[in-house]
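Trainee: What follows is a single structure, and I will ask about it in a moment.
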There are 2 protein chains.
Amino acid sequence: MPITKTEEFRKADVKLAELAQALAHPARIAILRTLAGWCSPNGSQCVCGDIVEVLPLAQATVSQHLKKLKDVGLIDGTIDGPRSCYCINWETLAKAEAMFGNFIGNLQSNNKGTT
Amino acid sequence: MPITKTEEFRKADVKLAELAQALAHPARIAILRTLAGWCSPNGSQCVCGDIVEVLPLAQATVSQHLKKLKDVGLIDGTIDGPRSCYCINWETLAKAEAMFGNFIGNLQSNNKGTT
DNA sequence: ATATCTTATCGTAAAGATACGATAAAGAGA
DNA sequence: TCTCTTTATCGTATCTTTACGATAAGATAT
């Protein structure tokens with residue numbers, strides 16, 4: 001028995017749901033906030049294992065959360081010697097904001113439009 | 001062993017994650033879209049079991065999805081005789097949009113602000 | 001080469017999510 | 001009253017998520 005029937009839904013709906021899923025854990029929200037206050041235009045290094053220190057989670061768990069954010073493209077990762085540095089992908093983030101905003105906007109205008 | 005340590009995160013982060021979780025399934029996205037195009041200012045009845053006909057899911061499953069949306073306050077339900085009618089809670093939806101927008105906006109301004 | 005540090009991945013355990021059939025409860029209609 | 005309709009809930013199966021310890025892989029330093 002199938003657990004999710006994503007094939008039967010609109011592509012845009014699936015995409016939006018995937019994005020929402022990526023944000024559906026406080027740790028990942030916190031990771032994004034941490035990265036935003038860290039890796040910056042001035043060239044200061046992106047965080048790597050420092051994220052682990054900020055979160056109340058084990059290193060392995062944080063690594064999993066980072067992977068999930070990376071999989072949807074919300075963050076990028078680069079290797080710097082023995083450590084990994086992560087940065088927010090501002091482009092994807094802006095796209096996510098637009099998607100979400102458009103979705104709600106359409107809900108509202110569709111509603112007003114009904115006769 | 002704990003599955004989620006939500007107690008250890010910021011309240012706002014947990015709240016945003018809960019909202020995202022509610023949107024993290026294409027069926028629930030589709031439900032919101034359906035409701036928006038249906039229950040309207042002109043007094044036309046909100047949808048009830050018609051949602052089941054729109055979705056590729058069994059009645060019991062749709063009921064579960066509706067419950068999840070209701071639990072976070074994104075929709076309201078009223079009983080009309082033998083059937084249940086659901087409507088979007090526009091207030092909560094607007095709040096959700098604001099929360100999400102503020103979150104991303106803060107990420108961006110925090111980033112610019114770093115020296 | 002050896003030891004050390006950092007991080008991703010593996011293995012595992014438990015809770016949650018998703019899906020459905022069956023059933024119960026409650027109103028409407030015969 | 002009895003039946004039919006409608007929907008929520010129960011029971012159940014299965015996949016996913018979350019979490020952690022242990023380990024592997026890669027770079028650096030001694």
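Following the order of the structure tokens, chains are lettered A, B, ..., residues in each are numbered from 1, and ligands are numbered from 1.
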Within 10 Å of chain C, which residues of chain B are there when counting only C-alpha atoms (C1' of nucleotides)? Please give them as a ChimeraX atom specification.
Mentor: /B:1-4,25,57-62,64-65,80-83
Trainee: Write the residues of the preceding selection, restricted to C-alpha atoms, as an mmCIF file, in the first residue's frame.
Mentor:
data_model
loop_
_atom_site.group_PDB
_atom_site.id
_atom_site.type_symbol
_atom_site.label_atom_id
_atom_site.label_comp_id
_atom_site.auth_asym_id
_atom_site.auth_seq_id
_atom_site.Cartn_x
_atom_site.Cartn_y
_atom_site.Cartn_z
ATOM 1 C CA MET B 1 14.355 8.138 22.995
ATOM 2 C CA PRO B 2 12.782 11.409 21.980
ATOM 3 C CA ILE B 3 11.700 11.845 18.434
ATOM 4 C CA THR B 4 11.428 15.595 18.383
ATOM 5 C CA HIS B 25 1.393 17.667 1.752
ATOM 6 C CA LEU B 57 -7.813 9.813 -1.857
ATOM 7 C CA ALA B 58 -10.284 7.852 0.224
ATOM 8 C CA GLN B 59 -12.823 9.648 2.375
ATOM 9 C CA ALA B 60 -11.116 8.664 5.614
ATOM 10 C CA THR B 61 -7.806 10.020 4.402
ATOM 11 C CA VAL B 62 -9.295 13.332 3.318
ATOM 12 C CA GLN B 64 -7.530 13.257 8.326
ATOM 13 C CA HIS B 65 -6.042 15.981 6.141
ATOM 14 C CA ASP B 80 -24.875 21.557 8.397
ATOM 15 C CA GLY B 81 -27.287 18.750 8.940
ATOM 16 C CA PRO B 82 -25.674 15.451 8.089
ATOM 17 C CA ARG B 83 -22.681 17.089 6.419
#
Trainee: For chain D, which residues have at least one atom within 9 Å of chain A, if we go by only C-alpha atoms (C1' of nucleotides)? Write them as a PyMOL selection string, please.
Mentor: chain D and resi 13-16+18-20+26-28
Trainee: Just to be explicit: take each residue in the selection above, keep C-alpha atoms (C1' of nucleotides), and write the result as a PDB file, in the first residue's frame.
Mentor:
ATOM      1  C1'  DA D  13      -0.214  -1.583   7.741  1.00  0.00           C
ATOM      2  C1'  DT D  14       3.628   0.684   5.918  1.00  0.00           C
ATOM      3  C1'  DC D  15       6.742   4.344   4.924  1.00  0.00           C
ATOM      4  C1'  DT D  16       9.030   8.557   6.706  1.00  0.00           C
ATOM      5  C1'  DT D  18      13.876  12.267  13.941  1.00  0.00           C
ATOM      6  C1'  DA D  19      17.503  11.138  16.855  1.00  0.00           C
ATOM      7  C1'  DC D  20      21.830   9.192  18.408  1.00  0.00           C
ATOM      8  C1'  DG D  26      39.349  13.107   4.129  1.00  0.00           C
ATOM      9  C1'  DA D  27      42.447  16.812   5.502  1.00  0.00           C
ATOM     10  C1'  DT D  28      45.942  18.636   8.637  1.00  0.00           C
TER      11       DT D  28
END
Trainee: Kindly determine which residues of chain B lie within 8 Å of chain A, considering only C-alpha atoms, and give the answer as number ranges by chain.
Mentor: B: 6, 8-10, 13-14, 16-21, 23-27, 29-30, 32-33, 36-42, 56, 93, 97, 100-101, 104, 107-108, 110-112, 114-115
Trainee: What residues in region 16-65 of chain B get the DSSP label alpha helix (DSSP H)? Please answer as JSON, numbers by chain.
Mentor: {"B": [16, 17, 18, 19, 20, 21, 22, 26, 27, 28, 29, 30, 31, 32, 33, 34, 35, 36, 50, 51, 52, 53, 54, 59, 60, 61, 62, 63, 64, 65]}
Trainee: Find the residues around region 77-79 of chain A up to 10 Å (only C-alpha atoms (C1' of nucleotides) counted), leave out those fewer than 5 positions away in its own chain, and share them as a ChimeraX atom specification.
Mentor: /A:46-48,66-67,70,84-89
Trainee: Store the residues picked out above in a file with C-alpha atoms, as a compact mmCIF listing (two decimals), in the first residue's frame.
Mentor:
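After the write, out13.txt holds the following:
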# COMPACT_ATOMS: atom_id res chain seq x y z
CA CYS A 46 30.01 30.38 6.37
CA VAL A 47 29.36 28.25 9.38
CA CYS A 48 30.09 24.56 9.42
CA LEU A 66 21.61 20.22 6.65
CA LYS A 67 21.28 17.56 3.99
CA LYS A 70 20.56 21.22 0.73
CA SER A 84 32.16 21.88 5.36
CA CYS A 85 30.76 25.34 5.08
CA TYR A 86 27.16 26.10 4.34
CA CYS A 87 25.51 29.23 3.02
CA ILE A 88 21.97 30.20 2.26
CA ASN A 89 21.01 30.07 -1.38
Trainee: Kindly indicate which residue among B:Asn102, B:Ile31, B:Glu91, B:Asp50 lies nearest to Lys68 (chain B), using only C-alpha atoms for the distances.
Mentor: B:Ile31
Trainee: Could you jot down the CA of Ile51 (chain B) to C1' of DT7 (chain D) separation for me, Å, one decimal place?
Mentor: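 So the answer is 12.1 Å.
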Trainee: Using DSSP on the backbone coordinates, identify all residues within chain A classified as strand (DSSP E or B); present the result as a ChimeraX atom specification.
Mentor: /A:47,75-80,83-88
Trainee: Could the residues in this selection be saved with N, CA and C atoms as an mmCIF file, in the first residue's frame?
Mentor:
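Final output, again_15.cif:
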data_model
loop_
_atom_site.group_PDB
_atom_site.id
_atom_site.type_symbol
_atom_site.label_atom_id
_atom_site.label_comp_id
_atom_site.auth_asym_id
_atom_site.auth_seq_id
_atom_site.Cartn_x
_atom_site.Cartn_y
_atom_site.Cartn_z
ATOM 1 N N VAL A 47 29.228 29.156 8.239
ATOM 2 C CA VAL A 47 29.356 28.248 9.380
ATOM 3 C C VAL A 47 29.461 26.804 8.907
ATOM 4 N N ILE A 75 20.044 25.762 0.815
ATOM 5 C CA ILE A 75 21.415 26.101 1.199
ATOM 6 C C ILE A 75 22.390 25.412 0.257
ATOM 7 N N ASP A 76 23.604 25.990 0.200
ATOM 8 C CA ASP A 76 24.685 25.394 -0.583
ATOM 9 C C ASP A 76 25.799 24.990 0.367
ATOM 10 N N GLY A 77 26.540 23.983 -0.020
ATOM 11 C CA GLY A 77 27.652 23.541 0.815
ATOM 12 C C GLY A 77 28.940 23.486 0.031
ATOM 13 N N THR A 78 30.009 23.976 0.651
ATOM 14 C CA THR A 78 31.324 23.882 0.024
ATOM 15 C C THR A 78 32.292 23.284 1.034
ATOM 16 N N ILE A 79 33.303 22.632 0.508
ATOM 17 C CA ILE A 79 34.264 21.983 1.380
ATOM 18 C C ILE A 79 35.490 22.869 1.525
ATOM 19 N N ASP A 80 35.925 23.077 2.758
ATOM 20 C CA ASP A 80 37.097 23.901 3.020
ATOM 21 C C ASP A 80 38.019 23.091 3.911
ATOM 22 N N ARG A 83 36.721 20.751 6.845
ATOM 23 C CA ARG A 83 35.367 21.119 7.268
ATOM 24 C C ARG A 83 34.476 21.533 6.106
ATOM 25 N N SER A 84 33.173 21.494 6.349
ATOM 26 C CA SER A 84 32.165 21.884 5.361
ATOM 27 C C SER A 84 31.543 23.199 5.766
ATOM 28 N N CYS A 85 31.393 24.061 4.801
ATOM 29 C CA CYS A 85 30.763 25.342 5.084
ATOM 30 C C CYS A 85 29.461 25.450 4.300
ATOM 31 N N TYR A 86 28.466 25.975 4.961
ATOM 32 C CA TYR A 86 27.158 26.097 4.341
ATOM 33 C C TYR A 86 26.749 27.555 4.261
ATOM 34 N N CYS A 87 26.043 27.875 3.198
ATOM 35 C CA CYS A 87 25.512 29.226 3.018
ATOM 36 C C CYS A 87 24.089 29.136 2.483
ATOM 37 N N ILE A 88 23.325 30.133 2.798
ATOM 38 C CA ILE A 88 21.973 30.199 2.265
ATOM 39 C C ILE A 88 22.022 30.454 0.769
#
Trainee: Go ahead and compute the interatomic distance for CA of Ser63 (chain B) and C1' of DC2 (chain D), in Å to one decimal.
Mentor: 28.0 Å
Trainee: Suppose you want the space between CA of Val54 (chain B) and CA of Gly73 (chain B); what is it in Å?
Mentor: 22.0 Å
